[in-house]
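A.B. asks: Coordinates in final07.cif, mmCIF, C-alpha atoms and all ligand atoms, are listed below.
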```cif
data_run
loop_
_atom_site.group_PDB
_atom_site.id
_atom_site.type_symbol
_atom_site.label_atom_id
_atom_site.label_comp_id
_atom_site.auth_asym_id
_atom_site.auth_seq_id
_atom_site.Cartn_x
_atom_site.Cartn_y
_atom_site.Cartn_z
ATOM 1 C CA MET Z 2 -6.253 47.568 37.077
ATOM 2 C CA HIS Z 3 -4.325 44.350 37.800
ATOM 3 C CA SER Z 4 -3.494 41.966 34.971
ATOM 4 C CA LEU Z 5 -3.902 38.237 35.449
ATOM 5 C CA ILE Z 6 -2.483 35.483 33.282
ATOM 6 C CA ILE Z 7 -4.275 32.142 33.405
ATOM 7 C CA PHE Z 8 -2.702 28.837 32.391
ATOM 8 C CA ALA Z 9 -5.355 26.183 31.683
ATOM 9 C CA SER Z 10 -5.670 22.975 29.672
ATOM 10 C CA GLY Z 11 -9.287 21.948 30.193
ATOM 11 C CA THR Z 12 -12.871 23.104 29.971
ATOM 12 C CA GLY Z 13 -12.048 26.237 31.912
ATOM 13 C CA THR Z 14 -14.848 26.444 34.456
ATOM 14 C CA ASN Z 15 -12.448 28.065 36.928
ATOM 15 C CA THR Z 16 -11.285 30.483 34.258
ATOM 16 C CA ARG Z 17 -14.954 31.345 33.628
ATOM 17 C CA ALA Z 18 -15.532 31.930 37.365
ATOM 18 C CA ILE Z 19 -12.483 34.213 37.592
ATOM 19 C CA ILE Z 20 -13.453 36.228 34.498
ATOM 20 C CA ASP Z 21 -17.033 36.660 35.755
ATOM 21 C CA TYR Z 22 -15.955 37.609 39.271
ATOM 22 C CA PHE Z 23 -13.667 40.372 38.050
ATOM 23 C CA LYS Z 24 -16.286 41.668 35.645
ATOM 24 C CA ARG Z 25 -18.380 42.436 38.726
ATOM 25 C CA ASN Z 26 -15.393 43.664 40.696
ATOM 26 C CA ALA Z 27 -13.230 45.532 38.229
ATOM 27 C CA ILE Z 28 -9.888 45.509 40.032
ATOM 28 C CA ALA Z 29 -8.390 42.937 37.661
ATOM 29 C CA LYS Z 30 -8.750 41.529 34.213
ATOM 30 C CA VAL Z 31 -7.496 38.416 32.496
ATOM 31 C CA ALA Z 32 -4.907 39.674 30.043
ATOM 32 C CA LEU Z 33 -3.727 36.366 28.603
ATOM 33 C CA ILE Z 34 -4.718 32.704 28.620
ATOM 34 C CA VAL Z 35 -1.969 30.165 28.023
ATOM 35 C CA CYS Z 36 -3.124 26.721 26.920
ATOM 36 C CA ASN Z 37 -1.350 23.575 25.699
ATOM 37 C CA LYS Z 38 -4.378 21.894 24.071
ATOM 38 C CA PRO Z 39 -5.663 23.382 20.820
ATOM 39 C CA ASP Z 40 -9.136 21.845 21.382
ATOM 40 C CA ALA Z 41 -9.532 22.857 25.030
ATOM 41 C CA GLY Z 42 -12.838 24.446 26.030
ATOM 42 C CA VAL Z 43 -10.967 27.250 27.763
ATOM 43 C CA LEU Z 44 -9.978 28.560 24.324
ATOM 44 C CA ASP Z 45 -13.666 29.011 23.407
ATOM 45 C CA ILE Z 46 -13.968 31.126 26.537
ATOM 46 C CA ALA Z 47 -10.921 33.163 25.505
ATOM 47 C CA MET Z 48 -12.356 33.743 22.026
ATOM 48 C CA ASN Z 49 -15.853 34.635 23.272
ATOM 49 C CA GLU Z 50 -14.422 37.036 25.825
ATOM 50 C CA GLU Z 51 -11.871 38.438 23.351
ATOM 51 C CA ILE Z 52 -9.014 37.584 25.677
ATOM 52 C CA PRO Z 53 -5.657 37.052 23.941
ATOM 53 C CA PHE Z 54 -4.451 33.480 24.146
ATOM 54 C CA LEU Z 55 -1.262 31.607 23.500
ATOM 55 C CA ILE Z 56 -1.235 27.940 22.533
ATOM 56 C CA VAL Z 57 1.985 26.346 23.640
ATOM 57 C CA ASP Z 58 3.515 23.185 22.287
ATOM 58 C CA LYS Z 59 6.628 21.823 23.975
ATOM 59 C CA LYS Z 60 8.165 20.872 20.622
ATOM 60 C CA THR Z 61 7.794 24.178 18.867
ATOM 61 C CA ILE Z 62 7.666 26.996 21.378
ATOM 62 C CA HIS Z 63 10.611 28.222 23.361
ATOM 63 C CA GLU Z 64 10.200 29.158 27.019
ATOM 64 C CA THR Z 65 11.719 32.594 26.456
ATOM 65 C CA LEU Z 66 8.951 33.376 23.960
ATOM 66 C CA ILE Z 67 6.331 32.460 26.549
ATOM 67 C CA ILE Z 68 8.105 34.582 29.165
ATOM 68 C CA ASP Z 69 8.369 37.547 26.759
ATOM 69 C CA GLN Z 70 4.676 37.403 26.006
ATOM 70 C CA MET Z 71 3.835 37.041 29.698
ATOM 71 C CA GLU Z 72 6.078 39.954 30.696
ATOM 72 C CA SER Z 73 4.399 42.191 28.142
ATOM 73 C CA CYS Z 74 1.146 41.744 30.152
ATOM 74 C CA LYS Z 75 2.852 42.934 33.377
ATOM 75 C CA PRO Z 76 0.892 40.392 35.417
ATOM 76 C CA SER Z 77 0.190 40.877 39.112
ATOM 77 C CA LEU Z 78 -0.500 37.143 39.334
ATOM 78 C CA VAL Z 79 -0.118 34.063 37.184
ATOM 79 C CA VAL Z 80 -2.927 31.634 37.906
ATOM 80 C CA LEU Z 81 -2.749 27.916 37.112
ATOM 81 C CA ALA Z 82 -6.312 26.698 36.689
ATOM 82 C CA GLY Z 83 -6.039 23.116 35.526
ATOM 83 C CA PHE Z 84 -2.821 23.364 33.528
ATOM 84 C CA LEU Z 85 -1.446 19.893 32.911
ATOM 85 C CA TRP Z 86 2.244 20.567 32.301
ATOM 86 C CA LYS Z 87 4.731 21.166 35.031
ATOM 87 C CA ILE Z 88 5.633 24.850 34.812
ATOM 88 C CA PRO Z 89 9.251 25.167 33.612
ATOM 89 C CA ASP Z 90 11.704 26.466 36.221
ATOM 90 C CA SER Z 91 12.580 29.412 33.960
ATOM 91 C CA ILE Z 92 8.974 30.675 34.180
ATOM 92 C CA ILE Z 93 8.901 30.178 37.957
ATOM 93 C CA LYS Z 94 12.143 32.180 38.261
ATOM 94 C CA ALA Z 95 10.822 34.937 35.991
ATOM 95 C CA PHE Z 96 7.712 35.485 38.170
ATOM 96 C CA PRO Z 97 8.838 34.954 41.771
ATOM 97 C CA ASN Z 98 5.965 34.650 44.277
ATOM 98 C CA LYS Z 99 3.458 35.452 41.581
ATOM 99 C CA ILE Z 100 2.353 31.990 40.482
ATOM 100 C CA ILE Z 101 -0.496 30.179 42.239
ATOM 101 C CA ASN Z 102 -2.230 26.866 41.572
ATOM 102 C CA ILE Z 103 -5.467 25.204 42.587
ATOM 103 C CA HIS Z 104 -5.456 21.494 43.410
ATOM 104 C CA PRO Z 105 -8.704 19.530 43.848
ATOM 105 C CA ALA Z 106 -7.767 17.808 47.127
ATOM 106 C CA LEU Z 107 -6.322 18.580 50.516
ATOM 107 C CA LEU Z 108 -2.568 18.690 49.923
ATOM 108 C CA PRO Z 109 -0.186 17.198 50.893
ATOM 109 C CA LEU Z 110 -2.603 14.298 50.350
ATOM 110 C CA HIS Z 111 -3.241 13.166 46.788
ATOM 111 C CA GLY Z 112 -0.863 15.504 44.992
ATOM 112 C CA GLY Z 113 2.197 15.172 42.781
ATOM 113 C CA LYS Z 114 2.901 14.042 39.239
ATOM 114 C CA GLY Z 115 -0.040 12.396 37.497
ATOM 115 C CA MET Z 116 -2.505 13.507 40.171
ATOM 116 C CA TYR Z 117 -5.057 15.588 38.322
ATOM 117 C CA GLY Z 118 -8.795 15.466 37.607
ATOM 118 C CA HIS Z 119 -10.498 12.110 38.177
ATOM 119 C CA HIS Z 120 -7.178 10.518 39.265
ATOM 120 C CA VAL Z 121 -7.278 12.687 42.365
ATOM 121 C CA HIS Z 122 -10.933 11.990 43.160
ATOM 122 C CA ASN Z 123 -10.438 8.258 42.544
ATOM 123 C CA ALA Z 124 -7.515 8.229 44.964
ATOM 124 C CA VAL Z 125 -9.550 10.067 47.612
ATOM 125 C CA ILE Z 126 -12.463 7.602 47.280
ATOM 126 C CA ASN Z 127 -10.192 4.541 47.218
ATOM 127 C CA ALA Z 128 -8.405 5.772 50.339
ATOM 128 C CA LYS Z 129 -11.841 5.991 52.012
ATOM 129 C CA GLN Z 130 -11.210 9.581 53.061
ATOM 130 C CA GLN Z 131 -14.143 11.136 54.852
ATOM 131 C CA GLU Z 132 -13.355 14.569 53.513
ATOM 132 C CA SER Z 133 -11.690 16.191 50.565
ATOM 133 C CA GLY Z 134 -11.518 19.750 49.325
ATOM 134 C CA ILE Z 135 -9.330 22.236 47.547
ATOM 135 C CA THR Z 136 -5.876 23.644 48.078
ATOM 136 C CA ILE Z 137 -4.772 26.958 46.643
ATOM 137 C CA HIS Z 138 -1.012 27.296 46.924
ATOM 138 C CA HIS Z 139 2.059 29.103 45.660
ATOM 139 C CA VAL Z 140 3.966 27.307 42.931
ATOM 140 C CA ASN Z 141 7.588 26.290 43.308
ATOM 141 C CA GLU Z 142 9.821 23.891 41.387
ATOM 142 C CA VAL Z 143 8.271 20.755 42.948
ATOM 143 C CA TYR Z 144 4.748 19.602 41.982
ATOM 144 C CA ASP Z 145 2.017 20.622 44.458
ATOM 145 C CA SER Z 146 4.442 21.539 47.231
ATOM 146 C CA GLY Z 147 4.453 25.347 47.432
ATOM 147 C CA ASP Z 148 3.186 27.222 50.488
ATOM 148 C CA ILE Z 149 -0.514 26.762 51.070
ATOM 149 C CA ILE Z 150 -2.652 29.891 50.888
ATOM 150 C CA LEU Z 151 -6.076 28.394 51.531
ATOM 151 C CA GLN Z 152 -7.780 25.038 51.951
ATOM 152 C CA ALA Z 153 -11.543 24.502 51.940
ATOM 153 C CA ARG Z 154 -13.165 21.183 52.807
ATOM 154 C CA CYS Z 155 -16.182 19.129 51.845
ATOM 155 C CA LYS Z 156 -17.499 15.727 52.889
ATOM 156 C CA VAL Z 157 -16.876 12.617 50.825
ATOM 157 C CA LEU Z 158 -20.198 10.775 50.761
ATOM 158 C CA GLU Z 159 -20.482 7.009 50.919
ATOM 159 C CA ASN Z 160 -21.919 6.715 47.421
ATOM 160 C CA ASP Z 161 -19.665 9.350 45.822
ATOM 161 C CA THR Z 162 -18.213 8.679 42.392
ATOM 162 C CA PRO Z 163 -15.227 10.646 41.076
ATOM 163 C CA ALA Z 164 -17.736 12.690 39.039
ATOM 164 C CA SER Z 165 -20.032 13.546 41.954
ATOM 165 C CA LEU Z 166 -17.080 14.452 44.156
ATOM 166 C CA ALA Z 167 -15.584 16.552 41.346
ATOM 167 C CA GLU Z 168 -18.829 18.485 41.092
ATOM 168 C CA ARG Z 169 -18.839 19.324 44.807
ATOM 169 C CA ILE Z 170 -15.189 20.344 44.594
ATOM 170 C CA HIS Z 171 -15.806 22.534 41.567
ATOM 171 C CA HIS Z 172 -18.331 24.504 43.639
ATOM 172 C CA LEU Z 173 -15.656 25.190 46.242
ATOM 173 C CA GLU Z 174 -13.158 26.138 43.553
ATOM 174 C CA HIS Z 175 -15.465 28.571 41.800
ATOM 175 C CA PHE Z 176 -16.287 30.309 45.065
ATOM 176 C CA TYR Z 177 -12.839 30.502 46.649
ATOM 177 C CA PHE Z 178 -10.404 30.868 43.743
ATOM 178 C CA PRO Z 179 -11.487 34.346 42.593
ATOM 179 C CA ARG Z 180 -11.701 35.525 46.204
ATOM 180 C CA VAL Z 181 -8.197 34.291 47.017
ATOM 181 C CA ILE Z 182 -6.924 36.073 43.921
ATOM 182 C CA GLU Z 183 -8.630 39.256 45.080
ATOM 183 C CA PHE Z 184 -7.089 38.830 48.531
ATOM 184 C CA LEU Z 185 -3.600 38.383 47.058
ATOM 185 C CA LEU Z 186 -4.020 41.470 44.912
ATOM 186 C CA GLY Z 187 -4.620 43.460 48.098
ATOM 187 C CA THR Z 188 -7.517 45.596 49.140
ATOM 188 C CA PRO Z 189 -8.499 47.890 46.343
ATOM 189 C CA THR Z 190 -7.588 51.477 47.118
ATOM 190 C CA VAL Z 191 -10.330 54.053 47.201
ATOM 191 C CA SER Z 192 -9.404 57.258 45.436
ATOM 192 C CA ILE Z 193 -11.240 60.422 46.339
ATOM 193 C CA ASP Z 194 -11.093 63.406 44.033
ATOM 194 C CA VAL Z 195 -10.995 66.742 45.862
HETATM 195 C C1 LIG X 1 -9.837 21.874 38.645
HETATM 196 O O1 LIG X 1 -10.514 20.869 39.332
HETATM 197 C C2 LIG X 1 -8.544 22.235 39.335
HETATM 198 O O2 LIG X 1 -8.532 21.941 40.707
HETATM 199 C C3 LIG X 1 -7.546 21.360 38.659
HETATM 200 O O3 LIG X 1 -7.976 21.266 37.327
HETATM 201 C C4 LIG X 1 -9.380 21.443 37.267
HETATM 202 C C5 LIG X 1 -9.682 22.450 36.193
HETATM 203 O O4 LIG X 1 -11.058 22.487 35.949
HETATM 204 N N1 LIG X 1 -6.196 21.863 38.851
HETATM 205 P P1 LIG X 1 -11.676 23.547 34.936
HETATM 206 O O5 LIG X 1 -11.035 23.331 33.578
HETATM 207 O O6 LIG X 1 -11.407 24.911 35.479
HETATM 208 O O7 LIG X 1 -13.127 23.198 34.928
#
```
Transcribe the structure of this file into structure tokens.
C.D. replies:
Amino acid sequence: MHSLIIFASGTGTNTRAIIDYFKRNAIAKVALIVCNKPDAGVLDIAMNEEIPFLIVDKKTIHETLIIDQMESCKPSLVVLAGFLWKIPDSIIKAFPNKIINIHPALLPLHGGKGMYGHHVHNAVINAKQQESGITIHHVNEVYDSGDIILQARCKVLENDTPASLAERIHHLEHFYFPRVIEFLLGTPTVSIDV
């Protein structure tokens, strides 16, 4: 069984999709949720699902404590699902090639510092883009610039608002994110008892 660690700061609909997907397909489980907002909806999910969680606060928690707790889960992947801080370099170095992120636009467009949530969808609409989508990518030291694993596209409609576009993009995220995670974990092995 693979362990996943999820970093999230928001309502956690992607976290929910990942948990539900791997309940049906038991090759992985979410072993830890790391969150920087004590009132985030994702923490209700963690509590309801009895998943251990860690609330991090830049002022009080040291990176090595986060890394220690993460290492104790022996994660196969660390999944950023709407985590609003830039991941410290020490965490990136501690989990080489194991950290992935989902961005709600087609990188390299509309990424970088400050580009999250409705800011991204606003930028897409203001730029009169005809399409947007999602980018799932590896995480390196520079915001939204790691190698791209998958992009999926959707149309931007003439009367789209940031909220209506976000809803369409969430559908893509909930479908593709768990499946990309499964792909990265490798094909499950079949064991035959003789
Ligand atoms: C998603 O749109 C994701 O692309 C972005 O943050 C959002 C998180 O949404 N990185 P949720 O909390 O999973 O609903």
A.B. asks: Write as a PDB file with C-alpha atoms, in the frame of the given file the residues around ligand LIG 1 (chain X), taking 10 Å as the cut-off and counting all atoms listed in the file.
C.D. replies:
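Below is the file result08.pdb, written as the result:
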```
ATOM      1  CA  ALA Z   9      -5.355  26.183  31.683  1.00  0.00           C
ATOM      2  CA  SER Z  10      -5.670  22.975  29.672  1.00  0.00           C
ATOM      3  CA  GLY Z  11      -9.287  21.948  30.193  1.00  0.00           C
ATOM      4  CA  THR Z  12     -12.871  23.104  29.971  1.00  0.00           C
ATOM      5  CA  GLY Z  13     -12.048  26.237  31.912  1.00  0.00           C
ATOM      6  CA  THR Z  14     -14.848  26.444  34.456  1.00  0.00           C
ATOM      7  CA  ASN Z  15     -12.448  28.065  36.928  1.00  0.00           C
ATOM      8  CA  THR Z  16     -11.285  30.483  34.258  1.00  0.00           C
ATOM      9  CA  ARG Z  17     -14.954  31.345  33.628  1.00  0.00           C
ATOM     10  CA  ALA Z  18     -15.532  31.930  37.365  1.00  0.00           C
ATOM     11  CA  ILE Z  19     -12.483  34.213  37.592  1.00  0.00           C
ATOM     12  CA  ALA Z  41      -9.532  22.857  25.030  1.00  0.00           C
ATOM     13  CA  GLY Z  42     -12.838  24.446  26.030  1.00  0.00           C
ATOM     14  CA  VAL Z  43     -10.967  27.250  27.763  1.00  0.00           C
ATOM     15  CA  LEU Z  81      -2.749  27.916  37.112  1.00  0.00           C
ATOM     16  CA  ALA Z  82      -6.312  26.698  36.689  1.00  0.00           C
ATOM     17  CA  GLY Z  83      -6.039  23.116  35.526  1.00  0.00           C
ATOM     18  CA  PHE Z  84      -2.821  23.364  33.528  1.00  0.00           C
ATOM     19  CA  LEU Z  85      -1.446  19.893  32.911  1.00  0.00           C
ATOM     20  CA  ASN Z 102      -2.230  26.866  41.572  1.00  0.00           C
ATOM     21  CA  ILE Z 103      -5.467  25.204  42.587  1.00  0.00           C
ATOM     22  CA  HIS Z 104      -5.456  21.494  43.410  1.00  0.00           C
ATOM     23  CA  PRO Z 105      -8.704  19.530  43.848  1.00  0.00           C
ATOM     24  CA  ALA Z 106      -7.767  17.808  47.127  1.00  0.00           C
ATOM     25  CA  MET Z 116      -2.505  13.507  40.171  1.00  0.00           C
ATOM     26  CA  TYR Z 117      -5.057  15.588  38.322  1.00  0.00           C
ATOM     27  CA  GLY Z 118      -8.795  15.466  37.607  1.00  0.00           C
ATOM     28  CA  HIS Z 119     -10.498  12.110  38.177  1.00  0.00           C
ATOM     29  CA  VAL Z 121      -7.278  12.687  42.365  1.00  0.00           C
ATOM     30  CA  HIS Z 122     -10.933  11.990  43.160  1.00  0.00           C
ATOM     31  CA  GLY Z 134     -11.518  19.750  49.325  1.00  0.00           C
ATOM     32  CA  ILE Z 135      -9.330  22.236  47.547  1.00  0.00           C
ATOM     33  CA  THR Z 136      -5.876  23.644  48.078  1.00  0.00           C
ATOM     34  CA  ILE Z 137      -4.772  26.958  46.643  1.00  0.00           C
ATOM     35  CA  ALA Z 167     -15.584  16.552  41.346  1.00  0.00           C
ATOM     36  CA  GLU Z 168     -18.829  18.485  41.092  1.00  0.00           C
ATOM     37  CA  ILE Z 170     -15.189  20.344  44.594  1.00  0.00           C
ATOM     38  CA  HIS Z 171     -15.806  22.534  41.567  1.00  0.00           C
ATOM     39  CA  HIS Z 172     -18.331  24.504  43.639  1.00  0.00           C
ATOM     40  CA  LEU Z 173     -15.656  25.190  46.242  1.00  0.00           C
ATOM     41  CA  GLU Z 174     -13.158  26.138  43.553  1.00  0.00           C
ATOM     42  CA  HIS Z 175     -15.465  28.571  41.800  1.00  0.00           C
ATOM     43  CA  PHE Z 178     -10.404  30.868  43.743  1.00  0.00           C
TER      44      PHE Z 178
END
```
A.B. asks: So, counting only C-alpha atoms, which residue among Z:Thr65, Z:Ser165, Z:Ser146, Z:Ser73 is closest to Z:Ile126?
C.D. replies: Z:Ser165
A.B. asks: How far is it from atom CA of Z:Glu142 to atom CA of Z:Ile62, in Å with one decimal?
C.D. replies: 20.4 Å
A.B. asks: May I have the residues within 10 Å of Z:Lys129 as a list in words, using all atoms listed in the file and disregarding those fewer than 4 positions away in the same chain?
C.D. replies: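 Neighbouring residues, sequence-local ones excluded: Asn123, Ala124, Val125, Val157, Leu158 and Glu159 of chain Z.
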A.B. asks: Okay, now the selection with C-alpha atoms, as a short mmCIF file (atom, residue, chain, number, x, y, z; two decimals), in the coordinates of the input?
C.D. replies:
```cif
data_model
loop_
_atom_site.label_atom_id
_atom_site.label_comp_id
_atom_site.auth_asym_id
_atom_site.auth_seq_id
_atom_site.Cartn_x
_atom_site.Cartn_y
_atom_site.Cartn_z
CA ASN Z 123 -10.44 8.26 42.54
CA ALA Z 124 -7.52 8.23 44.96
CA VAL Z 125 -9.55 10.07 47.61
CA VAL Z 157 -16.88 12.62 50.82
CA LEU Z 158 -20.20 10.78 50.76
CA GLU Z 159 -20.48 7.01 50.92
#
```
A.B. asks: Return as lines of an AutoDock Vina configuration file the box centre and box size in Å, one decimal, for an axis-aligned box around all listed atoms of stretch 31-45 of chain Z padded by 3 Å per side.
C.D. replies:
```
center_x = -7.5
center_y = 30.8
center_z = 26.7
size_x = 18.3
size_y = 23.8
size_z = 17.7
```
A.B. asks: As a check of understanding, name the residues that the PyMOL selection byres (((chain Z and resi 97) around 10) and not hetatm) selects in the supplied structure, as an MDAnalysis selection string.
C.D. replies: chainID Z and resid 78 92:96 98:100 139:141
A.B. asks: Using the partial input, fill out stretch 40-56 of chain Z with N, CA, C and O atoms; write the result as a CSV table (one decimal), in the coordinates of the input.
C.D. replies:
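The file below, rebuild.csv, is the result:
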```csv
chain,number,residue,atom,x,y,z
Z,40,ASP,N,-7.7,22.1,21.4
Z,40,ASP,CA,-9.1,21.8,21.4
Z,40,ASP,C,-9.7,22.1,22.8
Z,40,ASP,O,-10.9,21.7,23.0
Z,41,ALA,N,-9.0,22.7,23.7
Z,41,ALA,CA,-9.5,22.9,25.0
Z,41,ALA,C,-10.7,23.9,25.1
Z,41,ALA,O,-10.6,24.9,24.4
Z,42,GLY,N,-11.7,23.6,25.9
Z,42,GLY,CA,-12.8,24.4,26.0
Z,42,GLY,C,-12.4,25.8,26.5
Z,42,GLY,O,-13.1,26.8,26.1
Z,43,VAL,N,-11.4,25.9,27.3
Z,43,VAL,CA,-11.0,27.2,27.8
Z,43,VAL,C,-10.6,28.2,26.6
Z,43,VAL,O,-10.8,29.4,26.8
Z,44,LEU,N,-10.3,27.7,25.5
Z,44,LEU,CA,-10.0,28.6,24.3
Z,44,LEU,C,-11.3,29.2,23.7
Z,44,LEU,O,-11.2,30.3,23.2
Z,45,ASP,N,-12.4,28.4,23.8
Z,45,ASP,CA,-13.7,29.0,23.4
Z,45,ASP,C,-14.0,30.2,24.3
Z,45,ASP,O,-14.5,31.2,23.9
Z,46,ILE,N,-13.7,30.0,25.6
Z,46,ILE,CA,-14.0,31.1,26.5
Z,46,ILE,C,-13.1,32.3,26.1
Z,46,ILE,O,-13.6,33.5,26.1
Z,47,ALA,N,-11.8,32.1,25.9
Z,47,ALA,CA,-10.9,33.2,25.5
Z,47,ALA,C,-11.5,33.9,24.3
Z,47,ALA,O,-11.5,35.1,24.2
Z,48,MET,N,-11.9,33.1,23.3
Z,48,MET,CA,-12.4,33.7,22.0
Z,48,MET,C,-13.6,34.5,22.3
Z,48,MET,O,-13.8,35.7,21.8
Z,49,ASN,N,-14.6,33.9,23.0
Z,49,ASN,CA,-15.9,34.6,23.3
Z,49,ASN,C,-15.6,35.9,24.1
Z,49,ASN,O,-16.3,36.9,23.9
Z,50,GLU,N,-14.7,35.9,25.0
Z,50,GLU,CA,-14.4,37.0,25.8
Z,50,GLU,C,-13.4,38.0,25.2
Z,50,GLU,O,-13.0,39.0,25.8
Z,51,GLU,N,-12.9,37.6,24.0
Z,51,GLU,CA,-11.9,38.4,23.4
Z,51,GLU,C,-10.6,38.6,24.2
Z,51,GLU,O,-10.1,39.7,24.3
Z,52,ILE,N,-10.2,37.6,24.9
Z,52,ILE,CA,-9.0,37.6,25.7
Z,52,ILE,C,-7.9,37.0,24.8
Z,52,ILE,O,-8.1,35.9,24.3
Z,53,PRO,N,-6.8,37.6,24.7
Z,53,PRO,CA,-5.7,37.1,23.9
Z,53,PRO,C,-5.2,35.7,24.5
Z,53,PRO,O,-5.3,35.5,25.7
Z,54,PHE,N,-4.9,34.8,23.7
Z,54,PHE,CA,-4.5,33.5,24.1
Z,54,PHE,C,-3.2,33.0,23.4
Z,54,PHE,O,-2.9,33.5,22.3
Z,55,LEU,N,-2.5,32.1,24.1
Z,55,LEU,CA,-1.3,31.6,23.5
Z,55,LEU,C,-1.3,30.1,23.6
Z,55,LEU,O,-1.6,29.6,24.7
Z,56,ILE,N,-1.2,29.4,22.5
Z,56,ILE,CA,-1.2,27.9,22.5
Z,56,ILE,C,0.2,27.5,22.5
Z,56,ILE,O,1.0,27.9,21.6
```
